[in-house]
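Structure first, then comments.
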Amino acid sequence: MIRGAPPLEEGNHTLHQDVFRLINKKIAYLNPALRRIADYILENPSQCKIITTKELAAACNVAESTITRFVKEIGLDSYQELKIGIAEALTMNDTSSLSTEDNYVYEDITRTDTPEMILEKVLYRNVQTMTETKQRLNIGELGKAVAAIDQANTILFSSMGSSRAAAVSGVMRFTRAGKKSMLLGDTSSLLMSAAIASPEDVLIGISNSGRSKDVVDSMKLAQSKGARTIGITSFEDSPLTKYSDIILFTSAKSSNEGSALYWEAAASKTAQILVLDLIYASYAAKNFTKTMNYMEETFKVLRSSREK
């Protein structure tokens with residue numbers, strides 16, 4: 001299965017760098033029929049570079065017109081262009097993966113690793129995570145998130161466990177930008193705050209798995225009260241997405257299931273912070289003068305609290 005593709009280089013619009021990125025970027029937002037086509041292509045790329053629209057339609061149990069709609073949905077002009085892109089992507093992957101993936105097949109930290117090896121492994125994991133998060137980011141959903149925050153009186157952050165690192169970062173950033181922000185860090189505060197949420201509030205739920213019960217329950221409750229909900233998660237089929245008006249997906253990559261880092265999902269927190277930074281930066285750019293004024297005011301307060 002091919003999930004993700006090399007990033008598109010500046011000034012280079014060749015399809016081999018673009019087609020899988022386009023599919024991965026759109027896949028979470030496609031309807032079920034189009035999603036089946038996307039999944040089939042990602043799972044059977046070698047076959048899809050040669051089959052006809054009729055054969056692909058039969059394999060995905062859709063009409064041929066749905067194949068045409070899928071091609072348009074991911075931003076290509078024709079089915080032939082899609083097939084060329086798949087062929088070029090496979091050729092590119094065959095030559096580029098040998099110098100990267102093979103060197104890091106066993107990316108978990110072992111007791112025999114040197115500091116230099118650990119540095120390379122941790123760096124590689126984080127770069128992979130950030131790159132796939134970029135590929136999965138939907139600019140339209142990002143714009144919706146910025147608009148919702150722009151209109152909100154209060155931003156509520158719902159998170160548990162290690163996802164709190166991203167939530168803390170979000171509270172600090174938006175508070176400095178003049179938006180009233182609250183971090184809900186335990187079950188009682190999560191549910192109480194969600195219960196009194198209003199249409200003027202935004203609740204941002206952060207969960208890598210999308211299955212943290214407290215976070216999901218707070219999103220469901222806040223949504224029922226009319227608050228806008230923004231979900232940040234890695235998995236399209238997670239419960240969190242059901243109660244998210246706006247969804248931003250981070251990398252779904254993880255280490256081997258038996259490893260300690262699998263349970264820590266350490267790199268996923270970097271991706272969550274990246275997504276919140278993107279929302280913040282977009283909001284700040286949209287409200288540049290107002291944000292600068294608030295930042296100057298908060299800086300004065302912070303500076304006076306520091307020892308000379």
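Chain identifiers are assigned as A, B, and so on, following the order in which chains appear in the structure tokens; residues are numbered from 1 within each chain, and ligands are numbered from 1 in order of appearance.
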
In region 159-302 of chain A, DSSP strand (DSSP E or B) residues written as a PDB file with all heavy atoms, in the first residue's frame:
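Result written to states-v9.pdb:
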ATOM      1  N   SER A 159      -8.166  17.501  25.659  1.00  0.00           N
ATOM      2  CA  SER A 159      -7.102  16.530  25.397  1.00  0.00           C
ATOM      3  C   SER A 159      -6.809  15.748  26.669  1.00  0.00           C
ATOM      4  O   SER A 159      -7.123  16.195  27.765  1.00  0.00           O
ATOM      5  CB  SER A 159      -5.826  17.241  24.931  1.00  0.00           C
ATOM      6  OG  SER A 159      -5.324  18.070  25.969  1.00  0.00           O
ATOM      7  N   LYS A 180      -9.549  34.362  24.080  1.00  0.00           N
ATOM      8  CA  LYS A 180      -9.730  33.682  25.359  1.00  0.00           C
ATOM      9  C   LYS A 180      -9.688  32.177  25.137  1.00  0.00           C
ATOM     10  O   LYS A 180     -10.466  31.627  24.370  1.00  0.00           O
ATOM     11  CB  LYS A 180     -11.063  34.081  25.986  1.00  0.00           C
ATOM     12  CG  LYS A 180     -11.303  33.472  27.358  1.00  0.00           C
ATOM     13  CD  LYS A 180     -12.642  33.924  27.933  1.00  0.00           C
ATOM     14  CE  LYS A 180     -12.882  33.283  29.306  1.00  0.00           C
ATOM     15  NZ  LYS A 180     -14.206  33.686  29.855  1.00  0.00           N
ATOM     16  N   SER A 181      -8.771  31.511  25.833  1.00  0.00           N
ATOM     17  CA  SER A 181      -8.560  30.078  25.619  1.00  0.00           C
ATOM     18  C   SER A 181      -8.497  29.345  26.950  1.00  0.00           C
ATOM     19  O   SER A 181      -7.947  29.856  27.923  1.00  0.00           O
ATOM     20  CB  SER A 181      -7.251  29.838  24.842  1.00  0.00           C
ATOM     21  OG  SER A 181      -7.252  30.540  23.619  1.00  0.00           O
ATOM     22  N   MET A 182      -9.044  28.123  26.958  1.00  0.00           N
ATOM     23  CA  MET A 182      -9.070  27.308  28.173  1.00  0.00           C
ATOM     24  C   MET A 182      -8.642  25.886  27.856  1.00  0.00           C
ATOM     25  O   MET A 182      -9.060  25.318  26.844  1.00  0.00           O
ATOM     26  CB  MET A 182     -10.479  27.285  28.779  1.00  0.00           C
ATOM     27  CG  MET A 182     -10.998  28.629  29.242  1.00  0.00           C
ATOM     28  SD  MET A 182     -12.742  28.518  29.758  1.00  0.00           S
ATOM     29  CE  MET A 182     -12.636  27.218  30.996  1.00  0.00           C
ATOM     30  N   LEU A 183      -7.807  25.313  28.722  1.00  0.00           N
ATOM     31  CA  LEU A 183      -7.390  23.929  28.594  1.00  0.00           C
ATOM     32  C   LEU A 183      -8.190  23.074  29.563  1.00  0.00           C
ATOM     33  O   LEU A 183      -8.164  23.307  30.775  1.00  0.00           O
ATOM     34  CB  LEU A 183      -5.892  23.780  28.883  1.00  0.00           C
ATOM     35  CG  LEU A 183      -5.347  22.352  28.957  1.00  0.00           C
ATOM     36  CD1 LEU A 183      -5.614  21.604  27.657  1.00  0.00           C
ATOM     37  CD2 LEU A 183      -3.859  22.368  29.263  1.00  0.00           C
ATOM     38  N   LEU A 184      -8.909  22.109  29.017  1.00  0.00           N
ATOM     39  CA  LEU A 184      -9.709  21.209  29.844  1.00  0.00           C
ATOM     40  C   LEU A 184      -8.916  19.923  30.031  1.00  0.00           C
ATOM     41  O   LEU A 184      -8.753  19.148  29.093  1.00  0.00           O
ATOM     42  CB  LEU A 184     -11.050  20.930  29.153  1.00  0.00           C
ATOM     43  CG  LEU A 184     -11.766  22.176  28.610  1.00  0.00           C
ATOM     44  CD1 LEU A 184     -13.055  21.780  27.903  1.00  0.00           C
ATOM     45  CD2 LEU A 184     -12.036  23.160  29.730  1.00  0.00           C
ATOM     46  N   ASP A 201     -18.742  29.420  21.087  1.00  0.00           N
ATOM     47  CA  ASP A 201     -17.511  28.750  21.506  1.00  0.00           C
ATOM     48  C   ASP A 201     -17.027  27.773  20.438  1.00  0.00           C
ATOM     49  O   ASP A 201     -17.809  27.271  19.627  1.00  0.00           O
ATOM     50  CB  ASP A 201     -17.727  27.982  22.810  1.00  0.00           C
ATOM     51  CG  ASP A 201     -18.098  28.905  23.957  1.00  0.00           C
ATOM     52  OD1 ASP A 201     -17.634  30.053  23.956  1.00  0.00           O
ATOM     53  OD2 ASP A 201     -18.864  28.466  24.842  1.00  0.00           O
ATOM     54  N   VAL A 202     -15.727  27.493  20.485  1.00  0.00           N
ATOM     55  CA  VAL A 202     -15.123  26.443  19.656  1.00  0.00           C
ATOM     56  C   VAL A 202     -14.420  25.462  20.579  1.00  0.00           C
ATOM     57  O   VAL A 202     -13.679  25.873  21.482  1.00  0.00           O
ATOM     58  CB  VAL A 202     -14.108  27.028  18.652  1.00  0.00           C
ATOM     59  CG1 VAL A 202     -13.244  25.910  18.060  1.00  0.00           C
ATOM     60  CG2 VAL A 202     -14.812  27.772  17.539  1.00  0.00           C
ATOM     61  N   LEU A 203     -14.658  24.176  20.383  1.00  0.00           N
ATOM     62  CA  LEU A 203     -13.965  23.140  21.150  1.00  0.00           C
ATOM     63  C   LEU A 203     -13.034  22.390  20.213  1.00  0.00           C
ATOM     64  O   LEU A 203     -13.469  21.835  19.198  1.00  0.00           O
ATOM     65  CB  LEU A 203     -14.965  22.167  21.776  1.00  0.00           C
ATOM     66  CG  LEU A 203     -14.359  20.986  22.543  1.00  0.00           C
ATOM     67  CD1 LEU A 203     -13.528  21.468  23.715  1.00  0.00           C
ATOM     68  CD2 LEU A 203     -15.445  20.033  23.029  1.00  0.00           C
ATOM     69  N   ILE A 204     -11.750  22.399  20.544  1.00  0.00           N
ATOM     70  CA  ILE A 204     -10.753  21.674  19.754  1.00  0.00           C
ATOM     71  C   ILE A 204     -10.398  20.389  20.498  1.00  0.00           C
ATOM     72  O   ILE A 204      -9.831  20.434  21.589  1.00  0.00           O
ATOM     73  CB  ILE A 204      -9.485  22.524  19.534  1.00  0.00           C
ATOM     74  CG1 ILE A 204      -9.837  23.828  18.799  1.00  0.00           C
ATOM     75  CG2 ILE A 204      -8.451  21.732  18.736  1.00  0.00           C
ATOM     76  CD1 ILE A 204      -8.647  24.744  18.568  1.00  0.00           C
ATOM     77  N   GLY A 205     -10.747  19.255  19.934  1.00  0.00           N
ATOM     78  CA  GLY A 205     -10.449  17.960  20.533  1.00  0.00           C
ATOM     79  C   GLY A 205      -9.219  17.349  19.897  1.00  0.00           C
ATOM     80  O   GLY A 205      -9.153  17.209  18.671  1.00  0.00           O
ATOM     81  N   ILE A 206      -8.237  16.993  20.709  1.00  0.00           N
ATOM     82  CA  ILE A 206      -6.961  16.465  20.210  1.00  0.00           C
ATOM     83  C   ILE A 206      -6.750  15.057  20.735  1.00  0.00           C
ATOM     84  O   ILE A 206      -6.672  14.834  21.946  1.00  0.00           O
ATOM     85  CB  ILE A 206      -5.784  17.357  20.638  1.00  0.00           C
ATOM     86  CG1 ILE A 206      -6.060  18.829  20.299  1.00  0.00           C
ATOM     87  CG2 ILE A 206      -4.494  16.892  19.974  1.00  0.00           C
ATOM     88  CD1 ILE A 206      -5.035  19.785  20.885  1.00  0.00           C
ATOM     89  N   ARG A 228     -19.024  24.952  17.828  1.00  0.00           N
ATOM     90  CA  ARG A 228     -18.296  24.373  16.698  1.00  0.00           C
ATOM     91  C   ARG A 228     -17.207  23.464  17.251  1.00  0.00           C
ATOM     92  O   ARG A 228     -16.559  23.787  18.248  1.00  0.00           O
ATOM     93  CB  ARG A 228     -17.646  25.460  15.833  1.00  0.00           C
ATOM     94  CG  ARG A 228     -18.602  26.420  15.180  1.00  0.00           C
ATOM     95  CD  ARG A 228     -19.544  25.735  14.192  1.00  0.00           C
ATOM     96  NE  ARG A 228     -18.851  25.013  13.145  1.00  0.00           N
ATOM     97  CZ  ARG A 228     -18.340  25.568  12.041  1.00  0.00           C
ATOM     98  NH1 ARG A 228     -18.425  26.880  11.872  1.00  0.00           N
ATOM     99  NH2 ARG A 228     -17.750  24.833  11.124  1.00  0.00           N
ATOM    100  N   THR A 229     -16.992  22.336  16.617  1.00  0.00           N
ATOM    101  CA  THR A 229     -15.989  21.379  17.088  1.00  0.00           C
ATOM    102  C   THR A 229     -14.949  21.129  16.005  1.00  0.00           C
ATOM    103  O   THR A 229     -15.279  20.926  14.841  1.00  0.00           O
ATOM    104  CB  THR A 229     -16.633  20.044  17.491  1.00  0.00           C
ATOM    105  OG1 THR A 229     -17.412  19.535  16.393  1.00  0.00           O
ATOM    106  CG2 THR A 229     -17.542  20.221  18.703  1.00  0.00           C
ATOM    107  N   ILE A 230     -13.687  21.152  16.422  1.00  0.00           N
ATOM    108  CA  ILE A 230     -12.561  20.898  15.525  1.00  0.00           C
ATOM    109  C   ILE A 230     -11.814  19.681  16.049  1.00  0.00           C
ATOM    110  O   ILE A 230     -11.346  19.680  17.197  1.00  0.00           O
ATOM    111  CB  ILE A 230     -11.611  22.102  15.456  1.00  0.00           C
ATOM    112  CG1 ILE A 230     -12.362  23.359  14.968  1.00  0.00           C
ATOM    113  CG2 ILE A 230     -10.422  21.800  14.538  1.00  0.00           C
ATOM    114  CD1 ILE A 230     -11.520  24.625  15.040  1.00  0.00           C
ATOM    115  N   GLY A 231     -11.689  18.639  15.247  1.00  0.00           N
ATOM    116  CA  GLY A 231     -10.979  17.435  15.655  1.00  0.00           C
ATOM    117  C   GLY A 231      -9.603  17.356  15.024  1.00  0.00           C
ATOM    118  O   GLY A 231      -9.449  17.617  13.827  1.00  0.00           O
ATOM    119  N   ILE A 232      -8.607  17.002  15.827  1.00  0.00           N
ATOM    120  CA  ILE A 232      -7.251  16.764  15.333  1.00  0.00           C
ATOM    121  C   ILE A 232      -6.887  15.336  15.702  1.00  0.00           C
ATOM    122  O   ILE A 232      -6.736  15.001  16.879  1.00  0.00           O
ATOM    123  CB  ILE A 232      -6.243  17.762  15.944  1.00  0.00           C
ATOM    124  CG1 ILE A 232      -6.618  19.203  15.569  1.00  0.00           C
ATOM    125  CG2 ILE A 232      -4.822  17.447  15.460  1.00  0.00           C
ATOM    126  CD1 ILE A 232      -5.722  20.251  16.204  1.00  0.00           C
ATOM    127  N   THR A 233      -6.770  14.474  14.702  1.00  0.00           N
ATOM    128  CA  THR A 233      -6.544  13.050  14.940  1.00  0.00           C
ATOM    129  C   THR A 233      -5.825  12.444  13.744  1.00  0.00           C
ATOM    130  O   THR A 233      -5.674  13.093  12.707  1.00  0.00           O
ATOM    131  CB  THR A 233      -7.874  12.311  15.189  1.00  0.00           C
ATOM    132  OG1 THR A 233      -7.617  10.947  15.523  1.00  0.00           O
ATOM    133  CG2 THR A 233      -8.787  12.371  13.966  1.00  0.00           C
ATOM    134  N   ILE A 246     -15.237  20.102  11.889  1.00  0.00           N
ATOM    135  CA  ILE A 246     -14.054  20.337  11.063  1.00  0.00           C
ATOM    136  C   ILE A 246     -12.996  19.333  11.498  1.00  0.00           C
ATOM    137  O   ILE A 246     -12.767  19.144  12.697  1.00  0.00           O
ATOM    138  CB  ILE A 246     -13.524  21.774  11.254  1.00  0.00           C
ATOM    139  CG1 ILE A 246     -14.617  22.798  10.898  1.00  0.00           C
ATOM    140  CG2 ILE A 246     -12.269  22.008  10.431  1.00  0.00           C
ATOM    141  CD1 ILE A 246     -14.364  24.175  11.452  1.00  0.00           C
ATOM    142  N   ILE A 247     -12.355  18.658  10.540  1.00  0.00           N
ATOM    143  CA  ILE A 247     -11.386  17.616  10.890  1.00  0.00           C
ATOM    144  C   ILE A 247     -10.061  17.898  10.205  1.00  0.00           C
ATOM    145  O   ILE A 247     -10.001  18.146   9.001  1.00  0.00           O
ATOM    146  CB  ILE A 247     -11.871  16.217  10.461  1.00  0.00           C
ATOM    147  CG1 ILE A 247     -13.313  15.968  10.905  1.00  0.00           C
ATOM    148  CG2 ILE A 247     -10.951  15.143  11.032  1.00  0.00           C
ATOM    149  CD1 ILE A 247     -13.909  14.706  10.328  1.00  0.00           C
ATOM    150  N   LEU A 248      -8.984  17.847  10.985  1.00  0.00           N
ATOM    151  CA  LEU A 248      -7.631  17.991  10.456  1.00  0.00           C
ATOM    152  C   LEU A 248      -6.847  16.737  10.836  1.00  0.00           C
ATOM    153  O   LEU A 248      -6.726  16.412  12.016  1.00  0.00           O
ATOM    154  CB  LEU A 248      -6.964  19.246  11.013  1.00  0.00           C
ATOM    155  CG  LEU A 248      -7.644  20.559  10.585  1.00  0.00           C
ATOM    156  CD1 LEU A 248      -7.135  21.723  11.417  1.00  0.00           C
ATOM    157  CD2 LEU A 248      -7.405  20.825   9.105  1.00  0.00           C
ATOM    158  N   PHE A 249      -6.334  16.050   9.831  1.00  0.00           N
ATOM    159  CA  PHE A 249      -5.669  14.770  10.061  1.00  0.00           C
ATOM    160  C   PHE A 249      -4.153  14.920  10.122  1.00  0.00           C
ATOM    161  O   PHE A 249      -3.551  15.622   9.306  1.00  0.00           O
ATOM    162  CB  PHE A 249      -6.033  13.768   8.968  1.00  0.00           C
ATOM    163  CG  PHE A 249      -7.460  13.325   9.012  1.00  0.00           C
ATOM    164  CD1 PHE A 249      -8.368  13.806   8.085  1.00  0.00           C
ATOM    165  CD2 PHE A 249      -7.904  12.454   9.985  1.00  0.00           C
ATOM    166  CE1 PHE A 249      -9.701  13.411   8.121  1.00  0.00           C
ATOM    167  CE2 PHE A 249      -9.225  12.055  10.039  1.00  0.00           C
ATOM    168  CZ  PHE A 249     -10.135  12.541   9.103  1.00  0.00           C
TER     169      PHE A 249
END

- Item | Exercise: region 53-68 of chain A partners within 12 Å, only C-alpha atoms, chain neighbours under 2 positions left out, as a ChimeraX atom specification | /A:30-41,43-45,47-51,70-83

- Item | Contacts of Val168 (chain A) at 12 Å (only C-alpha atoms; same-chain gap of 3+ positions) as a PyMOL selection string | chain A and resi 156-165+171-175+181-185+204+206+269+272-273+276-277

Let's have the selection written as an mmCIF file, in the first residue's frame, with N, CA, C and O atoms.
data_model
loop_
_atom_site.group_PDB
_atom_site.id
_atom_site.type_symbol
_atom_site.label_atom_id
_atom_site.label_comp_id
_atom_site.auth_asym_id
_atom_site.auth_seq_id
_atom_site.Cartn_x
_atom_site.Cartn_y
_atom_site.Cartn_z
ATOM 1 N N LEU A 156 -11.964 26.319 23.568
ATOM 2 C CA LEU A 156 -11.779 25.279 24.574
ATOM 3 C C LEU A 156 -10.930 24.166 23.971
ATOM 4 O O LEU A 156 -11.182 23.734 22.849
ATOM 5 N N PHE A 157 -9.933 23.712 24.715
ATOM 6 C CA PHE A 157 -9.077 22.624 24.246
ATOM 7 C C PHE A 157 -9.357 21.377 25.071
ATOM 8 O O PHE A 157 -9.275 21.405 26.305
ATOM 9 N N SER A 158 -9.673 20.293 24.383
ATOM 10 C CA SER A 158 -9.957 19.024 25.041
ATOM 11 C C SER A 158 -8.887 18.005 24.668
ATOM 12 O O SER A 158 -8.701 17.684 23.489
ATOM 13 N N SER A 159 -8.166 17.501 25.659
ATOM 14 C CA SER A 159 -7.102 16.530 25.397
ATOM 15 C C SER A 159 -6.809 15.748 26.669
ATOM 16 O O SER A 159 -7.123 16.195 27.765
ATOM 17 N N MET A 160 -6.202 14.613 26.505
ATOM 18 C CA MET A 160 -5.801 13.786 27.640
ATOM 19 C C MET A 160 -4.406 13.235 27.368
ATOM 20 O O MET A 160 -3.973 13.144 26.223
ATOM 21 N N GLY A 161 -3.712 12.852 28.435
ATOM 22 C CA GLY A 161 -2.412 12.211 28.277
ATOM 23 C C GLY A 161 -1.403 13.083 27.571
ATOM 24 O O GLY A 161 -1.337 14.297 27.768
ATOM 25 N N SER A 162 -0.626 12.471 26.679
ATOM 26 C CA SER A 162 0.465 13.188 26.033
ATOM 27 C C SER A 162 -0.011 14.199 25.001
ATOM 28 O O SER A 162 0.763 15.059 24.581
ATOM 29 N N SER A 163 -1.277 14.121 24.588
ATOM 30 C CA SER A 163 -1.806 15.118 23.658
ATOM 31 C C SER A 163 -1.949 16.487 24.315
ATOM 32 O O SER A 163 -2.161 17.493 23.635
ATOM 33 N N ARG A 164 -1.825 16.523 25.650
ATOM 34 C CA ARG A 164 -1.900 17.810 26.362
ATOM 35 C C ARG A 164 -0.772 18.747 25.941
ATOM 36 O O ARG A 164 -0.922 19.969 26.034
ATOM 37 N N ALA A 165 0.347 18.196 25.484
ATOM 38 C CA ALA A 165 1.466 19.053 25.062
ATOM 39 C C ALA A 165 1.023 19.984 23.937
ATOM 40 O O ALA A 165 1.347 21.180 23.942
ATOM 41 N N VAL A 171 -3.132 26.826 23.712
ATOM 42 C CA VAL A 171 -3.635 27.824 24.666
ATOM 43 C C VAL A 171 -2.691 29.016 24.743
ATOM 44 O O VAL A 171 -3.116 30.181 24.719
ATOM 45 N N MET A 172 -1.400 28.741 24.845
ATOM 46 C CA MET A 172 -0.422 29.818 24.950
ATOM 47 C C MET A 172 -0.435 30.707 23.705
ATOM 48 O O MET A 172 -0.421 31.940 23.804
ATOM 49 N N ARG A 173 -0.482 30.092 22.546
ATOM 50 C CA ARG A 173 -0.434 30.859 21.302
ATOM 51 C C ARG A 173 -1.669 31.747 21.149
ATOM 52 O O ARG A 173 -1.564 32.946 20.852
ATOM 53 N N PHE A 174 -2.849 31.165 21.314
ATOM 54 C CA PHE A 174 -4.072 31.934 21.071
ATOM 55 C C PHE A 174 -4.342 32.953 22.178
ATOM 56 O O PHE A 174 -4.918 34.012 21.920
ATOM 57 N N THR A 175 -3.909 32.655 23.398
ATOM 58 C CA THR A 175 -4.056 33.643 24.467
ATOM 59 C C THR A 175 -3.214 34.873 24.159
ATOM 60 O O THR A 175 -3.671 36.008 24.312
ATOM 61 N N SER A 181 -8.771 31.511 25.833
ATOM 62 C CA SER A 181 -8.560 30.078 25.619
ATOM 63 C C SER A 181 -8.497 29.345 26.950
ATOM 64 O O SER A 181 -7.947 29.856 27.923
ATOM 65 N N MET A 182 -9.044 28.123 26.958
ATOM 66 C CA MET A 182 -9.070 27.308 28.173
ATOM 67 C C MET A 182 -8.642 25.886 27.856
ATOM 68 O O MET A 182 -9.060 25.318 26.844
ATOM 69 N N LEU A 183 -7.807 25.313 28.722
ATOM 70 C CA LEU A 183 -7.390 23.929 28.594
ATOM 71 C C LEU A 183 -8.190 23.074 29.563
ATOM 72 O O LEU A 183 -8.164 23.307 30.775
ATOM 73 N N LEU A 184 -8.909 22.109 29.017
ATOM 74 C CA LEU A 184 -9.709 21.209 29.844
ATOM 75 C C LEU A 184 -8.916 19.923 30.031
ATOM 76 O O LEU A 184 -8.753 19.148 29.093
ATOM 77 N N GLY A 185 -8.405 19.705 31.248
ATOM 78 C CA GLY A 185 -7.433 18.641 31.429
ATOM 79 C C GLY A 185 -7.854 17.457 32.253
ATOM 80 O O GLY A 185 -7.069 16.536 32.457
ATOM 81 N N ILE A 204 -11.750 22.399 20.544
ATOM 82 C CA ILE A 204 -10.753 21.674 19.754
ATOM 83 C C ILE A 204 -10.398 20.389 20.498
ATOM 84 O O ILE A 204 -9.831 20.434 21.589
ATOM 85 N N ILE A 206 -8.237 16.993 20.709
ATOM 86 C CA ILE A 206 -6.961 16.465 20.210
ATOM 87 C C ILE A 206 -6.750 15.057 20.735
ATOM 88 O O ILE A 206 -6.672 14.834 21.946
ATOM 89 N N LYS A 269 2.777 13.779 18.556
ATOM 90 C CA LYS A 269 2.591 15.040 19.283
ATOM 91 C C LYS A 269 3.223 16.201 18.521
ATOM 92 O O LYS A 269 2.701 17.316 18.522
ATOM 93 N N GLN A 272 0.704 17.135 15.940
ATOM 94 C CA GLN A 272 -0.418 17.886 16.513
ATOM 95 C C GLN A 272 -0.043 19.346 16.737
ATOM 96 O O GLN A 272 -0.829 20.262 16.448
ATOM 97 N N ILE A 273 1.167 19.563 17.243
ATOM 98 C CA ILE A 273 1.636 20.944 17.456
ATOM 99 C C ILE A 273 1.771 21.666 16.121
ATOM 100 O O ILE A 273 1.433 22.848 16.001
ATOM 101 N N LEU A 276 -1.711 22.814 15.008
ATOM 102 C CA LEU A 276 -2.156 23.973 15.785
ATOM 103 C C LEU A 276 -1.355 25.222 15.418
ATOM 104 O O LEU A 276 -1.905 26.337 15.383
ATOM 105 N N ASP A 277 -0.075 25.069 15.142
ATOM 106 C CA ASP A 277 0.735 26.208 14.704
ATOM 107 C C ASP A 277 0.224 26.755 13.371
ATOM 108 O O ASP A 277 0.212 27.970 13.145
#

- Message: Taking 6 positions as the minimum chain separation for residues in the same chain, which residues sit within 8 Å of region 295-298 of chain A when counting only C-alpha atoms? Answer as a list of chain:residue names.
- Response: A:Arg176, A:Ala177, A:Gly178

- Which residue, A:Thr114, A:Ser188, A:Thr250, A:Ser238, has the smallest gap to Thr129 (chain A) when you use only C-alpha atoms? A:Thr250

- Message: Here is a test: counting only C-alpha atoms, which residue of A:Ala87, A:Leu191, A:Leu42, A:Ala28 is nearest to Ser218 (chain A)?
- Response: A:Leu191

- Message: What does the structure give for the distance between CA of Val122 (chain A) and CA of Ala267 (chain A), in Å to one decimal?
- Response: 8.5 Å

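Atom pair CA of Leu302 (chain A) / CA of Asn153 (chain A): separated by 23.4 Å.
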
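Put simply, CA of Lys220 (chain A) is 19.1 Å away from CA of Lys144 (chain A).
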